[in-house]
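**Q** Data file entry32.txt (compact mmCIF, C-alpha atoms) is appended below.
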# COMPACT_ATOMS: atom_id res chain seq x y z
CA MET A 1 -73.62 -79.14 -37.34
CA ALA A 2 -73.90 -75.37 -37.24
CA VAL A 3 -74.09 -73.47 -40.53
CA GLU A 4 -70.76 -71.75 -39.82
CA GLU A 5 -69.10 -75.13 -39.28
CA VAL A 6 -70.56 -76.57 -42.50
CA ALA A 7 -69.22 -73.52 -44.36
CA ARG A 8 -65.81 -74.11 -42.78
CA VAL A 9 -65.82 -77.76 -43.89
CA ILE A 10 -66.72 -76.76 -47.45
CA SER A 11 -64.08 -74.03 -47.59
CA ASN A 12 -61.25 -75.91 -45.87
CA TRP A 13 -62.09 -79.14 -44.09
CA ARG A 14 -58.53 -79.54 -42.84
CA GLU A 15 -58.98 -76.50 -40.58
CA ALA A 16 -62.49 -77.44 -39.46
CA ASP A 17 -63.32 -78.79 -36.02
CA LEU A 18 -63.36 -82.47 -37.02
CA ASP A 19 -61.91 -85.51 -35.28
CA ASP A 20 -59.08 -87.60 -36.74
CA GLN A 21 -61.43 -90.26 -38.08
CA GLU A 22 -63.54 -87.68 -39.92
CA LYS A 23 -60.41 -86.07 -41.35
CA ALA A 24 -59.15 -89.46 -42.58
CA MET A 25 -62.51 -90.02 -44.28
CA LEU A 26 -62.42 -86.61 -45.95
CA ALA A 27 -58.82 -87.05 -47.10
CA PHE A 28 -59.91 -90.23 -48.87
CA THR A 29 -63.04 -88.53 -50.25
CA GLU A 30 -60.98 -85.66 -51.65
CA LYS A 31 -58.52 -88.00 -53.36
CA PHE A 32 -61.39 -90.18 -54.62
CA THR A 33 -62.94 -87.09 -56.22
CA LEU A 34 -59.89 -85.24 -57.56
CA THR A 35 -57.25 -87.89 -58.33
CA PRO A 36 -58.80 -91.37 -58.09
CA SER A 37 -56.04 -92.95 -60.18
CA GLN A 38 -53.54 -92.04 -57.44
CA ILE A 39 -55.30 -94.00 -54.70
CA THR A 40 -53.12 -96.81 -53.39
CA ASP A 41 -53.24 -99.52 -50.74
CA ALA A 42 -51.78 -96.96 -48.34
CA ASP A 43 -54.92 -94.82 -48.58
CA ILE A 44 -57.11 -97.78 -47.64
CA GLN A 45 -54.72 -98.66 -44.85
CA ALA A 46 -54.94 -95.09 -43.52
CA LEU A 47 -58.72 -95.53 -43.21
CA ARG A 48 -58.24 -98.83 -41.35
CA GLN A 49 -55.76 -97.17 -39.01
CA ALA A 50 -58.34 -94.46 -38.35
CA GLY A 51 -60.66 -97.19 -37.08
CA PHE A 52 -62.84 -97.98 -40.09
CA SER A 53 -63.74 -101.58 -40.95
CA ASP A 54 -63.56 -102.73 -44.59
CA GLU A 55 -67.37 -102.64 -44.74
CA GLN A 56 -67.30 -99.02 -43.58
CA ILE A 57 -64.57 -98.18 -46.10
CA LEU A 58 -66.79 -99.55 -48.87
CA SER A 59 -69.63 -97.38 -47.55
CA ILE A 60 -67.36 -94.33 -47.60
CA GLY A 61 -66.45 -95.10 -51.21
CA LEU A 62 -70.09 -95.58 -52.16
CA GLY A 63 -71.01 -92.34 -50.42
CA ALA A 64 -68.29 -90.42 -52.22
CA GLY A 65 -69.20 -92.14 -55.49
CA TYR A 66 -72.86 -91.32 -55.08
CA ARG A 67 -72.10 -87.64 -54.46
CA ASN A 68 -69.83 -87.59 -57.54
CA TRP A 69 -72.71 -89.05 -59.52
CA VAL A 70 -75.64 -86.97 -58.27
CA ASP A 71 -73.83 -83.65 -57.88
CA ARG A 72 -72.51 -84.04 -61.40
CA ILE A 73 -75.98 -84.60 -62.82
CA ALA A 74 -77.07 -81.43 -61.02
CA ASP A 75 -74.12 -79.49 -62.47
CA LEU A 76 -74.56 -80.90 -65.98
CA LEU A 77 -78.26 -80.07 -66.13
CA GLY A 78 -78.20 -77.01 -63.90
CA VAL A 79 -80.88 -78.36 -61.65
CA GLU A 80 -81.22 -78.25 -57.89
CA GLU A 81 -81.02 -81.66 -56.24
CA GLU A 82 -83.70 -80.64 -53.84
CA LYS A 83 -85.56 -77.52 -52.90
CA PHE A 84 -83.51 -76.16 -50.06
CA ASP A 85 -83.04 -72.61 -48.96
CA PHE A 86 -79.26 -72.58 -48.50
CA PRO A 87 -78.02 -70.10 -45.89
CA GLU A 88 -75.81 -67.28 -47.21
CA GLU A 89 -72.74 -68.78 -45.47
CA ILE A 90 -73.09 -72.00 -47.47
CA LEU A 91 -73.56 -70.18 -50.77
CA LYS A 92 -70.47 -68.09 -50.03
CA ALA A 93 -68.42 -71.18 -49.18
CA PHE A 94 -69.39 -72.77 -52.51
CA GLY A 95 -68.77 -69.47 -54.34
CA VAL A 96 -72.21 -69.38 -55.95
CA THR A 97 -75.14 -66.99 -55.85
CA ARG A 98 -78.71 -67.95 -55.04
CA GLU A 99 -79.68 -66.95 -58.57
CA GLN A 100 -77.12 -69.35 -60.08
CA LEU A 101 -78.49 -72.23 -58.02
CA GLN A 102 -82.01 -71.56 -59.20
CA THR A 103 -81.22 -71.39 -62.91
CA SER A 104 -81.87 -74.60 -64.82
CA LEU A 105 -79.85 -75.30 -67.96
CA TYR A 106 -82.18 -78.08 -68.94
CA GLU A 107 -85.49 -76.29 -69.26
CA ASP A 108 -86.00 -73.49 -71.69
CA PRO A 109 -85.63 -70.01 -70.20
CA LYS A 110 -88.88 -68.62 -68.92
CA MET B 1 -58.06 -108.61 -56.31
CA SER B 2 -59.86 -105.78 -54.55
CA ARG B 3 -58.19 -103.69 -51.86
CA LEU B 4 -60.97 -104.69 -49.45
CA ARG B 5 -60.56 -107.98 -47.61
CA MET B 6 -64.16 -109.13 -47.78
CA VAL B 7 -64.27 -108.87 -51.60
CA SER B 8 -62.85 -111.88 -53.40
CA GLY B 9 -63.38 -110.94 -57.06
CA ASN B 10 -61.75 -108.26 -59.16
CA ARG B 11 -64.79 -106.55 -60.69
CA LEU B 12 -66.99 -103.68 -59.55
CA GLU B 13 -69.88 -106.16 -59.36
CA ASP B 14 -67.94 -108.21 -56.78
CA LEU B 15 -67.39 -105.07 -54.73
CA LEU B 16 -71.02 -104.00 -54.90
CA THR B 17 -72.20 -107.45 -53.80
CA ALA B 18 -70.83 -106.57 -50.38
CA ALA B 19 -73.20 -103.60 -50.05
CA PRO B 20 -76.88 -104.63 -49.88
CA GLY B 21 -78.87 -103.18 -52.78
CA ALA B 22 -75.90 -101.53 -54.48
CA LEU B 23 -75.37 -104.14 -57.20
CA GLU B 24 -79.03 -104.19 -58.17
CA ALA B 25 -79.18 -100.39 -58.41
CA ASP B 26 -75.96 -100.25 -60.43
CA THR B 27 -77.04 -102.98 -62.84
CA THR B 28 -80.46 -101.46 -63.43
CA MET B 29 -79.01 -98.03 -64.15
CA ARG B 30 -76.27 -99.37 -66.43
CA HIS B 31 -78.63 -101.50 -68.52
CA LEU B 32 -81.08 -98.62 -68.88
CA LEU B 33 -78.37 -96.26 -70.10
CA VAL B 34 -76.80 -98.73 -72.55
CA GLU B 35 -80.21 -99.66 -73.96
CA GLN B 36 -81.48 -96.12 -74.41
CA LEU B 37 -78.25 -94.41 -75.44
CA THR B 38 -76.66 -97.09 -77.69
CA PRO B 39 -73.67 -99.22 -76.63
CA ARG B 40 -71.27 -97.18 -78.80
CA LEU B 41 -72.12 -93.81 -77.24
CA TYR B 42 -72.25 -95.31 -73.72
CA SER B 43 -68.79 -96.80 -74.22
CA LEU B 44 -67.33 -93.68 -75.86
CA ILE B 45 -68.40 -91.61 -72.86
CA GLY B 46 -66.87 -94.15 -70.47
CA VAL B 47 -63.57 -94.27 -72.31
CA VAL B 48 -63.28 -90.46 -72.38
CA VAL B 49 -64.14 -90.18 -68.67
CA ALA B 50 -61.41 -92.77 -67.96
CA GLY B 51 -58.96 -90.70 -70.01
CA CYS B 52 -59.89 -87.51 -68.16
CA LEU B 53 -59.37 -89.24 -64.80
CA CYS B 54 -55.99 -90.73 -65.86
CA CYS B 55 -57.45 -94.25 -65.59
CA LYS B 56 -56.42 -95.48 -69.04
CA ASP B 57 -55.78 -98.98 -67.68
CA LEU B 58 -59.56 -99.34 -67.43
CA VAL B 59 -60.21 -98.55 -71.11
CA GLU B 60 -60.02 -102.18 -72.21
CA THR B 61 -62.93 -103.05 -69.93
CA LEU B 62 -64.91 -99.94 -70.77
CA ARG B 63 -64.54 -100.05 -74.54
CA GLY B 64 -67.60 -102.24 -75.22
CA PRO B 65 -68.08 -102.53 -78.99
CA LEU B 66 -65.24 -100.10 -79.76
CA ASP B 67 -62.02 -101.32 -81.33
CA GLN B 68 -59.20 -101.37 -78.73
CA SER B 69 -56.93 -99.04 -80.67
CA PHE B 70 -59.82 -96.64 -81.34
CA ALA B 71 -60.78 -96.70 -77.65
CA ASP B 72 -57.19 -96.05 -76.53
CA HIS B 73 -57.01 -93.14 -78.93
CA ALA B 74 -60.35 -91.77 -77.70
CA ALA B 75 -59.10 -91.86 -74.10
CA SER B 76 -55.95 -89.96 -75.05
CA ASP B 77 -57.20 -87.48 -77.63
CA TRP B 78 -60.77 -87.94 -78.84
CA ARG B 79 -60.65 -84.69 -80.85
CA ALA B 80 -58.19 -86.29 -83.27
CA LEU B 81 -60.57 -89.13 -84.13
CA ALA B 82 -62.98 -89.30 -87.06
CA LEU B 83 -66.22 -88.92 -85.13
CA THR B 84 -69.58 -87.52 -86.13
CA ALA B 85 -70.43 -83.95 -85.10
CA ALA B 86 -72.99 -85.37 -82.68
CA GLU B 87 -70.41 -87.64 -81.03
CA LYS B 88 -67.95 -84.75 -80.73
CA ALA B 89 -70.61 -82.63 -79.06
CA VAL B 90 -71.28 -85.43 -76.56
CA LEU B 91 -67.58 -85.88 -75.80
CA ALA B 92 -67.00 -82.15 -75.32
CA TYR B 93 -69.87 -82.20 -72.80
CA THR B 94 -68.42 -85.37 -71.24
CA GLU B 95 -64.96 -83.85 -70.86
CA LYS B 96 -66.25 -80.62 -69.32
CA GLY B 97 -68.67 -82.57 -67.14
CA THR B 98 -65.76 -84.61 -65.78
CA ILE B 99 -62.97 -82.10 -65.24
CA ALA B 100 -64.85 -78.80 -64.88
CA GLU B 101 -68.46 -79.73 -64.10
CA ALA B 102 -69.17 -76.57 -62.10
CA SER B 103 -68.47 -74.49 -65.20
CA VAL B 104 -71.12 -76.18 -67.38
CA ARG B 105 -73.53 -73.54 -68.66
CA ARG B 106 -76.62 -73.36 -70.80
CA ARG B 107 -74.53 -72.99 -73.96
CA ASP B 108 -73.04 -76.45 -73.33
CA VAL B 109 -76.50 -78.00 -73.22
CA ASP B 110 -77.52 -75.94 -76.24
CA ALA B 111 -74.55 -77.37 -78.17
CA LEU B 112 -76.05 -80.83 -77.68
CA ARG B 113 -79.43 -79.63 -78.90
CA VAL B 114 -77.81 -78.06 -81.99
CA ALA B 115 -76.10 -81.42 -82.62
CA GLY B 116 -79.56 -83.00 -82.83
CA PHE B 117 -80.16 -84.32 -79.32
CA SER B 118 -83.56 -84.02 -77.65
CA ASP B 119 -83.90 -82.98 -74.02
CA LYS B 120 -84.49 -86.63 -73.11
CA ASP B 121 -81.22 -87.49 -74.85
CA VAL B 122 -79.47 -84.74 -72.88
CA LEU B 123 -80.76 -86.26 -69.64
CA LEU B 124 -79.46 -89.70 -70.68
CA ILE B 125 -76.08 -88.30 -71.71
CA ALA B 126 -75.67 -86.35 -68.45
CA THR B 127 -76.67 -89.41 -66.42
CA THR B 128 -74.19 -91.57 -68.34
CA VAL B 129 -71.36 -89.09 -67.79
CA ALA B 130 -72.21 -89.00 -64.09
CA TYR B 131 -72.53 -92.80 -63.88
CA HIS B 132 -69.07 -93.33 -65.37
CA ASN B 133 -67.64 -90.69 -63.02
CA TYR B 134 -68.96 -92.77 -60.12
CA ALA B 135 -68.06 -96.21 -61.47
CA ILE B 136 -64.54 -95.37 -62.65
CA ARG B 137 -63.71 -93.70 -59.33
CA MET B 138 -64.95 -96.80 -57.47
CA ALA B 139 -62.88 -99.07 -59.74
CA ALA B 140 -59.74 -96.96 -59.33
CA ALA B 141 -60.12 -96.53 -55.57
CA PHE B 142 -60.67 -100.20 -54.81
CA ASP B 143 -58.53 -101.65 -57.60
CA VAL B 144 -61.29 -103.50 -59.43
CA LEU B 145 -62.40 -103.49 -63.06
CA PRO B 146 -65.52 -101.52 -64.01
CA SER B 147 -68.62 -103.34 -65.19
CA LEU B 148 -68.82 -104.44 -68.81
CA CYS B 149 -70.94 -102.47 -71.27
CA ALA B 150 -73.98 -104.74 -70.96
Represent the structure of the file as structure tokens.
**A**
Amino acid sequence: MAVEEVARVISNWREADLDDQEKAMLAFTEKFTLTPSQITDADIQALRQAGFSDEQILSIGLGAGYRNWVDRIADLLGVEEEKFDFPEEILKAFGVTREQLQTSLYEDPK
Amino acid sequence: MSRLRMVSGNRLEDLLTAAPGALEADTTMRHLLVEQLTPRLYSLIGVVVAGCLCCKDLVETLRGPLDQSFADHAASDWRALALTAAEKAVLAYTEKGTIAEASVRRRDVDALRVAGFSDKDVLLIATTVAYHNYAIRMAAAFDVLPSLCA
């Protein structure tokens, strides 16, 4: 996926060039992240209608759950998950500066 | 009963059994956190995360050694409870780490240090907050109960 497209997905995935199945997956992921208590049978059914098997739906949940776990640890400790030189477009889409990404809250300031 | 057809039980463990390796990873992490953080603090964090995510129906399972009424109160308004300063610092960090994680700053970590926590403790607390944010979302999404405290 091109950097510009990744930035578009981060900023507004609904307007990104994604197929219906990917959009169904991201709709579930968004609800899973922001309002998990509002997920109903209808949300699972929407994934099935998009062509996902129950095994794949579990994998989508685990993937979203894992990101909610690991990204949160990174936010809570102010650490980078991995050394990666994010392109400017990605930083802009997330609304962060390179300096913010490279500042750890966990270690004492140097 | 889970929302997924191939899962027969009603617990997160039953769900994870359907994904190779997931149950083992979850169990190992959970036991490590409970053992190193204390069951009370582990459960307090879980109950407050459930409250922040509007999943109060899961509090009974998450409460561990906490009294049910105390746990319900913690999920609704932990600031009103008689907690130690250290516990309040942990729950403030938990709340921010759940509903506004991108706004956590050095001062939030420093508040834990001032409350007496070492950097290793901070790592355990952050990992526990993150773990509950994963586990409670999975439970809510697939209509299962989260794992017990230990």
**Q** Report the distance between atom CA of Phe117 of chain B and atom CA of Val129 of chain B in Å, rounded to one decimal place.
**A**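 Separating atom CA of Phe117 of chain B from atom CA of Val129 of chain B is a distance of 15.3 Å.
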**Q** Select all residues from chain A having any atom no more than 8 Å from an atom of chain B (counting all atoms listed in the file, ignoring ligands), output as a list in words.
**A**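 Residues passing the distance filter: Phe32, Thr33, Thr35, Pro36, Ser37, Ile39, Thr40, Asp41, Ile44, Asp54, Glu55, Leu58, Ser59, Gly61, Leu62, Gly65, Tyr66, Asn68, Trp69, Val70, Arg72, Ile73, Asp75, Leu76, Leu77, Gly78, Leu105 and Tyr106 of chain A.
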**Q** Find, counting all atoms listed in the file, the residue in A:Ala74, A:Ala7, A:Ala64, A:Ala50 that gets nearest to Lys23 of chain A.
**A**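 Selected residue with least distance to Lys23 of chain A: A:Ala50.
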**Q** Which residues are close to Glu5 of chain A, i.e. within 9 Å by only C-alpha atoms, leaving aside same-chain residues fewer than 5 positions away? Reply as a list in words.
**A** Ile10, Ala16 and Asp17 of chain A
**Q** Looking at A:Ser53, A:Thr97, A:Gln38, A:Leu18, which one is nearest to Val6 of chain A, with distances taken over only C-alpha atoms?
**A** A:Leu18
**Q** Provide the atom CA of Val9 of chain A to atom CA of Leu34 of chain A distance in Å, to one decimal place.
**A** 16.7 Å
**Q** May I ask which of the residues A:Leu47, A:Ile57, A:Val3, A:Ala42 is the closest one to Ala24 of chain A, counting only C-alpha atoms?
**A**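 That would be A:Leu47, the residue with the smallest distance to Ala24 of chain A.
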**Q** Go ahead and compute the interatomic distance for atom CA of Arg98 of chain A and atom CA of Ser11 of chain A, in Å to one decimal.
**A**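 Between atom CA of Arg98 of chain A and atom CA of Ser11 of chain A the gap works out to 17.5 Å.
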**Q** When distances are computed from only C-alpha atoms, which of B:Val34, B:Leu23, B:Met1, B:Ala74 shows the smallest separation from Cys52 of chain B?
**A** B:Ala74
**Q** Return the single residue from A:Glu4, A:Glu30, A:Asp71, A:Asp20 that is closest to Gly51 of chain A, with distances computed using only C-alpha atoms.
**A**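 Checking each of A:Glu4, A:Glu30, A:Asp71, A:Asp20 against Gly51 of chain A, counting only C-alpha atoms, the winner is A:Asp20.
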**Q** Write out as a PyMOL selection string the residues lying within 7 Å of Arg63 of chain B, counting all atoms listed in the file and excluding same-chain residues fewer than 5 positions away.
**A** chain B and resi 43+47+68+71
**Q** Selected residues, C-alpha atoms, written as a short mmCIF file (atom, residue, chain, number, x, y, z; two decimals), keeping the file's coordinate frame, please.
**A**
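Once written, result.cif looks like this:
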data_model
loop_
_atom_site.label_atom_id
_atom_site.label_comp_id
_atom_site.auth_asym_id
_atom_site.auth_seq_id
_atom_site.Cartn_x
_atom_site.Cartn_y
_atom_site.Cartn_z
CA SER B 43 -68.79 -96.80 -74.22
CA VAL B 47 -63.57 -94.27 -72.31
CA GLN B 68 -59.20 -101.37 -78.73
CA ALA B 71 -60.78 -96.70 -77.65
#
